[in-house]
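> Structure: target_24.pdb, PDB, C-alpha atoms.
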```
MODEL        1
ATOM      1  CA  MET A 356     120.703  98.941 123.172
ATOM      2  CA  THR A 357     120.904  98.285 119.448
ATOM      3  CA  HIS A 358     117.745  96.987 117.811
ATOM      4  CA  GLU A 359     117.260  95.167 114.563
ATOM      5  CA  LEU A 360     114.836  97.148 112.386
ATOM      6  CA  VAL A 361     112.202  95.425 110.246
ATOM      7  CA  LEU A 362     109.852  97.201 107.863
ATOM      8  CA  VAL A 363     106.745  95.129 107.092
ATOM      9  CA  ALA A 364     104.761  95.762 103.897
ATOM     10  CA  HIS A 365     101.841  93.996 102.262
ATOM     11  CA  GLY A 366     103.648  92.612  99.225
ATOM     12  CA  THR A 367     102.853  92.938  95.533
ATOM     13  CA  ARG A 368     103.715  91.213  92.261
ATOM     14  CA  ASN A 369     103.750  94.596  90.530
ATOM     15  CA  PRO A 370     107.417  95.427  89.773
ATOM     16  CA  MET A 371     106.844  99.162  90.251
ATOM     17  CA  GLY A 372     105.157  98.518  93.593
ATOM     18  CA  LEU A 373     108.024  96.344  94.750
ATOM     19  CA  ASP A 374     110.537  98.934  93.570
ATOM     20  CA  THR A 375     108.687 101.553  95.622
ATOM     21  CA  ILE A 376     108.870  99.474  98.810
ATOM     22  CA  THR A 377     112.572  98.867  98.154
ATOM     23  CA  GLU A 378     113.092 102.602  97.625
ATOM     24  CA  ILE A 379     111.238 103.434 100.842
ATOM     25  CA  ALA A 380     113.265 100.941 102.883
ATOM     26  CA  ALA A 381     116.541 102.229 101.441
ATOM     27  CA  ALA A 382     115.580 105.840 102.159
ATOM     28  CA  VAL A 383     114.589 105.009 105.741
ATOM     29  CA  ALA A 384     117.897 103.182 106.200
ATOM     30  CA  GLU A 385     119.740 106.412 105.380
ATOM     31  CA  HIS A 386     118.170 107.865 108.535
ATOM     32  CA  VAL A 387     118.282 104.942 110.970
ATOM     33  CA  GLY A 388     120.773 102.356 109.699
ATOM     34  CA  ALA A 389     120.151  98.928 108.241
ATOM     35  CA  VAL A 390     116.492  98.033 107.686
ATOM     36  CA  ARG A 391     115.258  94.572 106.746
ATOM     37  CA  THR A 392     112.019  94.147 104.806
ATOM     38  CA  ALA A 393     109.323  91.524 105.282
ATOM     39  CA  PHE A 394     105.954  90.980 103.607
ATOM     40  CA  VAL A 395     102.698  89.653 105.044
ATOM     41  CA  ASP A 396     101.283  88.494 101.715
ATOM     42  CA  VAL A 397     102.211  87.579  98.111
ATOM     43  CA  LEU A 398     105.996  87.766  98.604
ATOM     44  CA  GLY A 399     108.637  86.554 101.009
ATOM     45  CA  PRO A 400     110.315  86.660 103.343
ATOM     46  CA  ASN A 401     107.472  86.911 105.826
ATOM     47  CA  PRO A 402     108.005  88.388 109.315
ATOM     48  CA  ARG A 403     108.399  84.950 110.922
ATOM     49  CA  GLU A 404     111.228  84.057 108.547
ATOM     50  CA  VAL A 405     113.029  87.348 109.182
ATOM     51  CA  LEU A 406     112.676  87.132 112.963
ATOM     52  CA  GLU A 407     113.834  83.523 113.107
ATOM     53  CA  ASN A 408     117.196  84.715 111.778
ATOM     54  CA  THR A 409     117.475  87.654 114.164
ATOM     55  CA  ALA A 410     119.090  87.333 117.599
ATOM     56  CA  SER A 411     118.847  90.850 119.039
ATOM     57  CA  SER A 412     115.744  92.791 120.056
ATOM     58  CA  VAL A 413     113.628  93.971 117.131
ATOM     59  CA  VAL A 414     111.465  96.962 116.257
ATOM     60  CA  VAL A 415     108.851  96.121 113.633
ATOM     61  CA  VAL A 416     107.110  98.968 111.789
ATOM     62  CA  PRO A 417     104.050  98.066 109.675
ATOM     63  CA  ALA A 418     104.085 100.177 106.501
ATOM     64  CA  PHE A 419     100.291 100.196 106.354
ATOM     65  CA  LEU A 420      98.095 103.289 106.131
ATOM     66  CA  ALA A 421      95.556 101.888 108.593
ATOM     67  CA  SER A 422      95.279  98.953 110.904
ATOM     68  CA  GLY A 423      93.223  95.941 109.900
ATOM     69  CA  TYR A 424      93.628  92.203 109.555
ATOM     70  CA  HIS A 425      97.250  92.275 108.398
ATOM     71  CA  VAL A 426      98.352  94.632 111.179
ATOM     72  CA  ASN A 427      96.143  93.404 114.027
ATOM     73  CA  THR A 428      96.061  89.646 113.315
ATOM     74  CA  ASP A 429      98.407  88.466 110.580
ATOM     75  CA  LEU A 430     101.558  90.290 111.712
ATOM     76  CA  PRO A 431     101.272  89.392 115.431
ATOM     77  CA  ALA A 432     100.625  85.772 114.445
ATOM     78  CA  ARG A 433     103.804  85.610 112.365
ATOM     79  CA  VAL A 434     105.759  87.216 115.213
ATOM     80  CA  ALA A 435     104.373  84.649 117.657
ATOM     81  CA  GLU A 436     105.305  81.809 115.305
ATOM     82  CA  SER A 437     108.889  83.036 115.218
ATOM     83  CA  GLY A 438     109.246  82.535 118.970
ATOM     84  CA  HIS A 439     111.402  85.661 119.153
ATOM     85  CA  PRO A 440     111.502  86.889 122.774
ATOM     86  CA  SER A 441     111.904  90.636 122.215
ATOM     87  CA  VAL A 442     109.854  92.338 119.499
ATOM     88  CA  THR A 443     108.131  95.724 119.580
ATOM     89  CA  ILE A 444     105.437  96.251 116.943
ATOM     90  CA  THR A 445     104.583  99.903 116.381
ATOM     91  CA  PRO A 446     101.153 101.113 115.245
ATOM     92  CA  ALA A 447     100.291 101.380 111.566
ATOM     93  CA  LEU A 448     101.639 104.370 109.673
ATOM     94  CA  GLY A 449      98.320 106.179 109.360
ATOM     95  CA  PRO A 450      96.274 108.139 109.923
ATOM     96  CA  ASP A 451      98.699 111.023 110.400
ATOM     97  CA  PRO A 452      98.676 114.735 109.484
ATOM     98  CA  VAL A 453     101.943 114.177 107.614
ATOM     99  CA  LEU A 454     100.176 111.866 105.174
ATOM    100  CA  ALA A 455      97.428 114.438 104.654
ATOM    101  CA  GLN A 456     100.040 117.054 103.784
ATOM    102  CA  ILE A 457     101.607 114.685 101.262
ATOM    103  CA  MET A 458      98.223 114.063  99.627
ATOM    104  CA  ARG A 459      97.570 117.801  99.404
ATOM    105  CA  GLY A 460     100.897 118.244  97.665
ATOM    106  CA  ARG A 461     100.106 115.414  95.287
ATOM    107  CA  LEU A 462      96.747 117.036  94.453
ATOM    108  CA  LEU A 463      98.450 120.320  93.616
ATOM    109  CA  GLU A 464     100.873 118.437  91.361
ATOM    110  CA  VAL A 465      98.005 117.153  89.181
ATOM    111  CA  GLY A 466      96.210 120.495  88.890
ATOM    112  CA  TRP A 467      93.707 120.470  91.754
ATOM    113  CA  SER A 468      92.379 123.887  92.783
ATOM    114  CA  PRO A 469      90.214 124.908  95.745
ATOM    115  CA  GLY A 470      86.592 124.190  94.862
ATOM    116  CA  ASP A 471      87.389 121.048  92.896
ATOM    117  CA  ALA A 472      85.904 117.861  94.329
ATOM    118  CA  VAL A 473      88.285 115.456  96.069
ATOM    119  CA  VAL A 474      87.839 111.720  96.566
ATOM    120  CA  MET A 475      90.333 110.106  98.918
ATOM    121  CA  ALA A 476      90.816 106.581  97.582
ATOM    122  CA  ALA A 477      91.733 103.878 100.084
ATOM    123  CA  ALA A 478      92.025 100.143  99.600
ATOM    124  CA  GLY A 479      89.395  99.675 102.302
ATOM    125  CA  SER A 480      88.889  97.163 105.081
ATOM    126  CA  SER A 481      86.171  95.062 106.638
ATOM    127  CA  ASP A 482      87.584  95.933 110.067
ATOM    128  CA  PRO A 483      85.474  98.659 111.775
ATOM    129  CA  ALA A 484      88.485 100.172 113.556
ATOM    130  CA  ALA A 485      90.423 100.400 110.303
ATOM    131  CA  ARG A 486      87.464 102.066 108.604
ATOM    132  CA  ARG A 487      87.330 104.642 111.402
ATOM    133  CA  GLU A 488      91.021 105.308 110.840
ATOM    134  CA  LEU A 489      90.400 105.843 107.137
ATOM    135  CA  MET A 490      87.600 108.274 107.970
ATOM    136  CA  HIS A 491      90.016 110.097 110.249
ATOM    137  CA  ALA A 492      92.585 110.240 107.442
ATOM    138  CA  ALA A 493      89.957 111.731 105.119
ATOM    139  CA  ALA A 494      89.058 114.302 107.760
ATOM    140  CA  LEU A 495      92.712 115.314 108.111
ATOM    141  CA  LEU A 496      92.903 115.846 104.356
ATOM    142  CA  GLY A 497      89.637 117.764 104.512
ATOM    143  CA  ASP A 498      91.192 120.162 107.016
ATOM    144  CA  LEU A 499      93.665 121.105 104.279
ATOM    145  CA  VAL A 500      91.620 121.066 101.066
ATOM    146  CA  GLY A 501      87.957 121.354 102.064
ATOM    147  CA  GLU A 502      85.304 118.706 101.543
ATOM    148  CA  VAL A 503      86.721 115.219 100.978
ATOM    149  CA  HIS A 504      84.758 112.116 100.022
ATOM    150  CA  LEU A 505      86.142 108.754 101.181
ATOM    151  CA  GLY A 506      85.886 105.912  98.689
ATOM    152  CA  PHE A 507      87.227 102.375  98.532
ATOM    153  CA  VAL A 508      88.892 100.601  95.644
ATOM    154  CA  ALA A 509      89.012  97.038  97.017
ATOM    155  CA  THR A 510      86.885  96.418 100.119
ATOM    156  CA  GLY A 511      83.799  98.338 101.211
ATOM    157  CA  VAL A 512      81.339 100.906  99.939
ATOM    158  CA  PRO A 513      80.998 103.496  98.613
ATOM    159  CA  THR A 514      83.419 102.667  95.871
ATOM    160  CA  VAL A 515      85.660 105.319  94.373
ATOM    161  CA  ALA A 516      84.032 104.851  90.961
ATOM    162  CA  ASP A 517      80.526 105.388  92.361
ATOM    163  CA  ILE A 518      81.527 108.597  94.160
ATOM    164  CA  VAL A 519      83.319 109.988  91.107
ATOM    165  CA  ARG A 520      80.291 109.215  88.939
ATOM    166  CA  ARG A 521      77.975 111.022  91.356
ATOM    167  CA  LEU A 522      80.199 114.081  91.736
ATOM    168  CA  ARG A 523      80.729 114.463  88.005
ATOM    169  CA  ARG A 524      76.976 114.903  87.509
ATOM    170  CA  SER A 525      77.323 118.256  89.272
ATOM    171  CA  GLY A 526      79.707 119.457  86.579
ATOM    172  CA  ARG A 527      82.633 119.883  88.986
ATOM    173  CA  ARG A 528      86.132 118.649  88.308
ATOM    174  CA  VAL A 529      86.839 115.556  90.386
ATOM    175  CA  PHE A 530      90.298 114.616  91.636
ATOM    176  CA  ILE A 531      91.276 111.345  93.269
ATOM    177  CA  ALA A 532      93.802 111.551  96.110
ATOM    178  CA  SER A 533      95.430 108.124  96.209
ATOM    179  CA  TYR A 534      95.731 106.929  99.802
ATOM    180  CA  LEU A 535      97.876 104.013  98.703
ATOM    181  CA  LEU A 536     101.507 103.406  99.506
ATOM    182  CA  ALA A 537     102.745 102.088  96.168
ATOM    183  CA  PRO A 538     101.694 101.380  92.568
ATOM    184  CA  GLY A 539      99.847  98.149  91.906
ATOM    185  CA  VAL A 540      96.484  96.731  90.900
ATOM    186  CA  PHE A 541      94.514  99.020  93.195
ATOM    187  CA  HIS A 542      96.190 102.198  91.975
ATOM    188  CA  THR A 543      95.750 101.150  88.357
ATOM    189  CA  LYS A 544      92.006 100.798  88.965
ATOM    190  CA  LEU A 545      91.829 104.425  90.104
ATOM    191  CA  GLY A 546      92.774 105.558  86.619
ATOM    192  CA  GLN A 547      89.656 103.836  85.304
ATOM    193  CA  CYS A 548      87.202 105.669  87.584
ATOM    194  CA  GLY A 549      86.615 108.672  85.317
ATOM    195  CA  ALA A 550      88.177 111.385  87.474
ATOM    196  CA  HIS A 551      89.818 114.493  86.012
ATOM    197  CA  ALA A 552      93.130 113.314  87.480
ATOM    198  CA  VAL A 553      94.565 110.817  89.951
ATOM    199  CA  THR A 554      97.482 111.583  92.221
ATOM    200  CA  GLU A 555     100.503 109.341  92.521
ATOM    201  CA  PRO A 556     100.640 106.991  95.517
ATOM    202  CA  LEU A 557     102.333 108.313  98.648
ATOM    203  CA  GLY A 558     105.491 106.412  97.698
ATOM    204  CA  ALA A 559     108.938 107.328  98.969
ATOM    205  CA  HIS A 560     108.016 110.941  99.700
ATOM    206  CA  PRO A 561     110.678 112.439 102.020
ATOM    207  CA  ASP A 562     108.084 113.250 104.682
ATOM    208  CA  LEU A 563     106.737 109.691 104.651
ATOM    209  CA  VAL A 564     110.286 108.382 104.925
ATOM    210  CA  ALA A 565     110.890 110.689 107.886
ATOM    211  CA  LEU A 566     107.673 109.482 109.523
ATOM    212  CA  LEU A 567     108.779 105.858 109.190
ATOM    213  CA  ALA A 568     112.248 106.705 110.497
ATOM    214  CA  HIS A 569     110.672 108.322 113.547
ATOM    215  CA  ARG A 570     108.643 105.151 114.159
ATOM    216  CA  PHE A 571     111.901 103.205 114.306
ATOM    217  CA  THR A 572     113.827 105.643 116.506
ATOM    218  CA  ALA A 573     110.975 106.399 118.929
ATOM    219  CA  PRO A 574     108.867 103.232 118.770
ATOM    220  CA  VAL A 575     105.465 103.468 120.384
ATOM    221  CA  GLY A 576     104.016 100.027 120.844
ATOM    222  CA  LEU A 577     103.735  97.148 123.224
ATOM    223  CA  PRO A 578     106.650  94.724 123.303
ATOM    224  CA  TRP A 579     105.502  91.357 121.969
ATOM    225  CA  THR A 580     105.654  88.570 124.521
ATOM    226  CA  PRO A 581     105.222  85.136 122.954
ATOM    227  CA  CYS A 582     102.777  82.794 124.635
ATOM    228  CA  HIS A 583     104.213  79.663 126.172
TER     229      HIS A 583
ENDMDL
END
```
Have the structure of the file written as structure tokens, please.

Amino acid sequence: MTHELVLVAHGTRNPMGLDTITEIAAAVAEHVGAVRTAFVDVLGPNPREVLENTASSVVVVPAFLASGYHVNTDLPARVAESGHPSVTITPALGPDPVLAQIMRGRLLEVGWSPGDAVVMAAAGSSDPAARRELMHAAALLGDLVGEVHLGFVATGVPTVADIVRRLRRSGRRVFIASYLLAPGVFHTKLGQCGAHAVTEPLGAHPDLVALLAHRFTAPVGLPWTPCH
């Protein structure tokens, strides 16, 4: 059976961020065929609008690094509103060892060395399950680079800036590993936290693209059954 494939991202007004999502979707399409893109916030089309114009069964992959309101509440609500009878929503993209490997590579690119302090910077969430997932993601990175401190740039404490400030008092070099998908307001803020260097977002890294492609070709998730 042929499925329609829909990649769902947060949405951003930052042109570089939007270009990154477009690049990711295009790269995934090279692996799995045509991929449509929807956004849960800021931009359109939203998932409901995409699904309303789709007749065949659909696999929806949330391009989010942890679950939370948008993945657990917002996205299912838009799917329900569409009335589409056959939609499978896969889990969020992270945490995953693949993402930890990408972050390690990004750290090496900006000059990190073993012994340097690492702060993994996430947007954050008020959802306890999402916060546990972010802690898991930090632990996976820690398995590769040693001690990792988890900080938040939007929602939650400790903030990235506070952790960097504390670690710098020890005289160590401090590196921020950006656990963000694309450039935007949040990533820009990381450059103002006083770290020695900040990695690039995960972006359209080939391994992230392959991870998304695998989500589409081997979807793990519960088919969505609309309520009547």
> If the PyMOL selection byres ((chain A and resi 479) around 9) is run on the structure shown, which residues does it catch, given as a list in words?
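The output of the PyMOL selection byres ((chain A and resi 479) around 9) on this file is Ala476, Ala477, Ala478, Ser480, Ser481, Asp482, Ala485, Arg486, Leu489, Gly506, Phe507, Val508, Ala509, Thr510, Gly511 and Val512 of chain A.
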> Using the chain letters and numbering of this document, enumerate as a ChimeraX atom specification the residues selected by the PyMOL selection byres ((chain A and resi 474) around 9).
/A:472-473,475-476,493,502-506,515,518-519,529-533
> What separation in Å, quoted to one decimal, exists between CA of Ala565 (chain A) and CA of Asp498 (chain A)?
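Pair CA of Ala565 (chain A) / CA of Asp498 (chain A) returns 21.9 Å.
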> Name the residues captured by the PyMOL selection byres ((chain A and resi 379) around 10) when it is applied to the shown file; answer as a list in words.
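Going through the file, the PyMOL selection byres ((chain A and resi 379) around 10) ends up selecting Leu362, Leu373, Asp374, Thr375, Ile376, Thr377, Glu378, Ala380, Ala381, Ala382, Val383, Ala384, Ala418, Leu536, Ala537, Gly558, Ala559, His560, Pro561, Leu563, Val564 and Leu567 of chain A.
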> From the set A:Gly470, A:Pro483, A:Pro538, A:Pro556, which residue has the shortest atom-to-atom contact distance to Pro370 (chain A), counting all atoms listed in the file?
A:Pro538
> One number please: CA of Ser437 (chain A) to CA of Thr367 (chain A), in Å, one decimal.
22.8 Å
> Complete the atoms of region 405-416 of chain A to all heavy atoms and put them out as an mmCIF file, in the frame of the given file.

```
data_model
loop_
_atom_site.group_PDB
_atom_site.id
_atom_site.type_symbol
_atom_site.label_atom_id
_atom_site.label_comp_id
_atom_site.auth_asym_id
_atom_site.auth_seq_id
_atom_site.Cartn_x
_atom_site.Cartn_y
_atom_site.Cartn_z
ATOM 1 N N VAL A 405 112.018 86.341 108.852
ATOM 2 C CA VAL A 405 113.029 87.348 109.182
ATOM 3 C C VAL A 405 113.408 87.263 110.654
ATOM 4 O O VAL A 405 114.595 87.279 111.021
ATOM 5 C CB VAL A 405 112.523 88.755 108.834
ATOM 6 C CG1 VAL A 405 113.462 89.823 109.389
ATOM 7 C CG2 VAL A 405 112.403 88.912 107.323
ATOM 8 N N LEU A 406 112.409 87.134 111.526
ATOM 9 C CA LEU A 406 112.676 87.132 112.963
ATOM 10 C C LEU A 406 113.395 85.880 113.414
ATOM 11 O O LEU A 406 114.183 85.905 114.373
ATOM 12 C CB LEU A 406 111.367 87.293 113.735
ATOM 13 C CG LEU A 406 110.673 88.645 113.566
ATOM 14 C CD1 LEU A 406 109.303 88.635 114.226
ATOM 15 C CD2 LEU A 406 111.531 89.769 114.127
ATOM 16 N N GLU A 407 113.153 84.762 112.746
ATOM 17 C CA GLU A 407 113.834 83.523 113.107
ATOM 18 C C GLU A 407 115.347 83.621 112.914
ATOM 19 O O GLU A 407 116.107 82.895 113.553
ATOM 20 C CB GLU A 407 113.292 82.360 112.267
ATOM 21 C CG GLU A 407 111.923 81.860 112.721
ATOM 22 C CD GLU A 407 111.390 80.767 111.816
ATOM 23 O OE1 GLU A 407 111.885 80.628 110.681
ATOM 24 O OE2 GLU A 407 110.471 80.054 112.264
ATOM 25 N N ASN A 408 115.765 84.535 112.060
ATOM 26 C CA ASN A 408 117.196 84.715 111.778
ATOM 27 C C ASN A 408 117.756 85.969 112.441
ATOM 28 O O ASN A 408 118.764 86.502 112.005
ATOM 29 C CB ASN A 408 117.413 84.786 110.266
ATOM 30 C CG ASN A 408 117.026 83.491 109.570
ATOM 31 O OD1 ASN A 408 117.452 82.422 109.984
ATOM 32 N ND2 ASN A 408 116.209 83.589 108.536
ATOM 33 N N THR A 409 117.069 86.433 113.480
ATOM 34 C CA THR A 409 117.475 87.654 114.164
ATOM 35 C C THR A 409 117.635 87.370 115.650
ATOM 36 O O THR A 409 116.702 86.881 116.297
ATOM 37 C CB THR A 409 116.421 88.762 113.965
ATOM 38 O OG1 THR A 409 116.228 88.975 112.562
ATOM 39 C CG2 THR A 409 116.877 90.060 114.603
ATOM 40 N N ALA A 410 118.814 87.669 116.199
ATOM 41 C CA ALA A 410 119.090 87.333 117.599
ATOM 42 C C ALA A 410 118.768 88.479 118.552
ATOM 43 O O ALA A 410 118.307 88.257 119.672
ATOM 44 C CB ALA A 410 120.553 86.927 117.747
ATOM 45 N N SER A 411 119.017 89.718 118.135
ATOM 46 C CA SER A 411 118.847 90.850 119.039
ATOM 47 C C SER A 411 117.388 91.290 119.091
ATOM 48 O O SER A 411 116.532 90.772 118.379
ATOM 49 C CB SER A 411 119.734 92.011 118.585
ATOM 50 O OG SER A 411 119.390 92.402 117.276
ATOM 51 N N SER A 412 117.095 92.257 119.972
ATOM 52 C CA SER A 412 115.744 92.791 120.056
ATOM 53 C C SER A 412 115.383 93.481 118.746
ATOM 54 O O SER A 412 116.253 93.968 118.018
ATOM 55 C CB SER A 412 115.628 93.772 121.220
ATOM 56 O OG SER A 412 116.522 94.852 121.045
ATOM 57 N N VAL A 413 114.092 93.534 118.451
ATOM 58 C CA VAL A 413 113.628 93.971 117.131
ATOM 59 C C VAL A 413 112.524 95.010 117.276
ATOM 60 O O VAL A 413 111.642 94.883 118.134
ATOM 61 C CB VAL A 413 113.092 92.772 116.313
ATOM 62 C CG1 VAL A 413 112.663 93.228 114.917
ATOM 63 C CG2 VAL A 413 114.136 91.669 116.225
ATOM 64 N N VAL A 414 112.573 96.025 116.434
ATOM 65 C CA VAL A 414 111.465 96.962 116.257
ATOM 66 C C VAL A 414 110.859 96.700 114.884
ATOM 67 O O VAL A 414 111.548 96.759 113.867
ATOM 68 C CB VAL A 414 111.913 98.432 116.366
ATOM 69 C CG1 VAL A 414 110.741 99.372 116.090
ATOM 70 C CG2 VAL A 414 112.499 98.718 117.739
ATOM 71 N N VAL A 415 109.575 96.405 114.870
ATOM 72 C CA VAL A 415 108.851 96.121 113.633
ATOM 73 C C VAL A 415 107.885 97.275 113.361
ATOM 74 O O VAL A 415 107.056 97.614 114.208
ATOM 75 C CB VAL A 415 108.061 94.801 113.737
ATOM 76 C CG1 VAL A 415 107.190 94.596 112.506
ATOM 77 C CG2 VAL A 415 109.011 93.628 113.915
ATOM 78 N N VAL A 416 108.002 97.868 112.188
ATOM 79 C CA VAL A 416 107.110 98.968 111.789
ATOM 80 C C VAL A 416 106.256 98.506 110.615
ATOM 81 O O VAL A 416 106.783 98.216 109.540
ATOM 82 C CB VAL A 416 107.898 100.227 111.404
ATOM 83 C CG1 VAL A 416 106.949 101.316 110.892
ATOM 84 C CG2 VAL A 416 108.699 100.745 112.587
#
```
